[in-house]
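Q: Dropping a structure here in structure tokens format, bear with me for questions.
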Amino acid sequence: MLCPTQRSLDVFRCLRARRSVGQLAAGAVLLAGLLFPTLAGAADCDAPQSPCVPATSLWIRPGQSRWQSLPSPEVGAPGDLSVSFTSEYIYKPLLLRVPSPDPEGREIRLVHHRVGTNVGARYVPIENAELGLAVPLVLYQTGAGTAGLTDSSADAIATTTIGDPRIEGRYRVLEGALGALDAGASILFPLGNRDAHAGEPSFVIAPEFIWGRSFGFLSASGGLGVRLRKAVELGNATYGSQLSMQLAVDARVLERWLSLTAEAQLLSGFAPRTTQVDSSTRTSHVERPAEWLAGIRSEPVQRLQLSLLAGTALPTGSETSGNASETFASLGAARFHGIFDARYRF
């Protein structure tokens, strides 16, 4: 936050605001350090069936944004602050099929139903730069967890828990007739409950480039980056570092009152996991979690934005065995995803 160099009263108010923001950030970090470690430390991420695979691959952007997976093309003015509160219903985001007398195998719902919320904030400290903080919470969920792979009578996963907090930032590096280009990065802290599929196996560092443009009633944005993390195994899949791609559009129908919005995300592992079935057959398996969302956005009160969206998984994962191949919805892609989103700009 930049303070004026004249008028002592304005300087005093600005310095007091800076101190309040700093105290709030320090308090949040301290609270996270006190509450999260006991949750994150219990799981064995290196187990043959690792519980350290989060149930959802969608990272909700904190603070002001037209979309969930990408920030808006505009960067706020220095000192701008916005907050977000995003409620989610996620259906069957983590499914595994294991051999059984049934020819189609047995379906194990590691996470069956999940109701959660993401609380976030976005702040503009200097011109052309933004910082964000997102904290996901699981309000209620059902599922067998990885224990259900080996013991049909195992206890269900925790119904309420906390996910991994994430900080992000972006900086406007180029702006012209073709749109704006931002360089950004996110850092995810593995402090959530891994045993409940609410925590990553390690820190995640995610550099990215974001393009955006607004022209008339239409806005569009795209993102390209990587998510770098420790690799773990679940089922016949490897969950590790990924290439990330996002695409989003927004069309204004009625000024302020109604906009139509749509977005999609695709993540992909860098290398397939191969398994030698017998001397002549090898299986190649690649996880590519992908989802689409579409809905409406409105600003019924000045500076208050409300959005309602829904979407499903896309069958972009693939497995090849001999001459046969199939596609499927990958781990972390919900069979149904419903979102109600509220964002406010101060």
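Identifiers in the structure tokens: chain A, B, ... in order shown; residue index from 1 per chain; ligand index from 1 in order shown.
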Please provide as a ChimeraX atom specification all residues within 7 Å of A:Arg61, with the sequence filter that same-chain residues fewer than 3 positions apart are discarded (counting only C-alpha atoms).
A: /A:68-71
Q: Write out as a VMD selection string which residues come within 6 Å of stretch 82-92 of chain A when counting only C-alpha atoms, dropping same-chain ones fewer than 3 positions away.
A: chain A and resid 62 to 64 112 to 122 334 to 346
Q: Residues near stretch 230-245 of chain A, anyone? I mean within 7 Å using only C-alpha atoms, not counting same-chain ones fewer than 6 positions away, as a compact mmCIF listing (two decimals) with N, CA and C atoms, in the first residue's frame.
A:
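The resulting out.txt:
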```txt
# COMPACT_ATOMS: atom_id res chain seq x y z
N CYS A 45 1.98 -40.57 3.14
CA CYS A 45 1.84 -40.27 1.71
C CYS A 45 2.57 -41.27 0.83
N ASP A 46 3.56 -41.98 1.38
CA ASP A 46 4.34 -42.93 0.58
C ASP A 46 3.74 -44.33 0.58
N PRO A 48 1.48 -47.55 -0.52
CA PRO A 48 1.14 -48.00 -1.87
C PRO A 48 -0.17 -47.41 -2.39
N GLN A 49 -1.12 -47.17 -1.49
CA GLN A 49 -2.36 -46.47 -1.85
C GLN A 49 -2.39 -45.18 -1.04
N SER A 50 -1.83 -44.13 -1.62
CA SER A 50 -1.63 -42.89 -0.87
C SER A 50 -2.94 -42.13 -0.67
N LEU A 96 -12.39 -45.21 -7.71
CA LEU A 96 -11.48 -46.25 -8.20
C LEU A 96 -12.28 -47.50 -8.49
N PRO A 201 0.46 -33.98 -1.08
CA PRO A 201 1.57 -34.73 -0.50
C PRO A 201 2.78 -33.88 -0.16
N SER A 202 2.85 -32.64 -0.66
CA SER A 202 4.01 -31.79 -0.43
C SER A 202 3.61 -30.34 -0.73
N GLY A 223 -5.10 -19.48 -19.23
CA GLY A 223 -3.97 -19.69 -18.36
C GLY A 223 -3.16 -20.90 -18.77
N LEU A 224 -1.85 -20.82 -18.61
CA LEU A 224 -0.94 -21.93 -18.91
C LEU A 224 0.15 -21.95 -17.85
N GLN A 265 -11.09 -26.39 -17.39
CA GLN A 265 -9.73 -26.61 -16.90
C GLN A 265 -9.29 -28.02 -17.26
N LEU A 266 -8.02 -28.14 -17.68
CA LEU A 266 -7.42 -29.43 -17.96
C LEU A 266 -6.06 -29.49 -17.31
N LEU A 267 -5.82 -30.56 -16.54
CA LEU A 267 -4.51 -30.84 -15.97
C LEU A 267 -4.00 -32.14 -16.55
N SER A 268 -2.69 -32.25 -16.71
CA SER A 268 -2.15 -33.48 -17.29
C SER A 268 -0.82 -33.82 -16.67
N GLY A 269 -0.65 -35.10 -16.30
CA GLY A 269 0.65 -35.57 -15.87
C GLY A 269 1.63 -35.53 -17.03
N PHE A 270 2.91 -35.50 -16.72
CA PHE A 270 3.92 -35.36 -17.76
C PHE A 270 4.30 -36.69 -18.40
N ARG A 273 1.99 -43.79 -16.50
CA ARG A 273 2.46 -44.87 -15.63
C ARG A 273 2.28 -46.18 -16.39
N HIS A 285 -1.07 -45.76 -18.49
CA HIS A 285 -2.17 -45.05 -17.82
C HIS A 285 -1.77 -43.59 -17.59
N GLU A 287 -3.39 -39.84 -16.11
CA GLU A 287 -4.46 -39.08 -15.48
C GLU A 287 -4.46 -37.65 -16.03
```
Q: One number please: atom CA of A:Trp67 to atom CA of A:Ala196, in Å, one decimal.
A: 27.1 Å
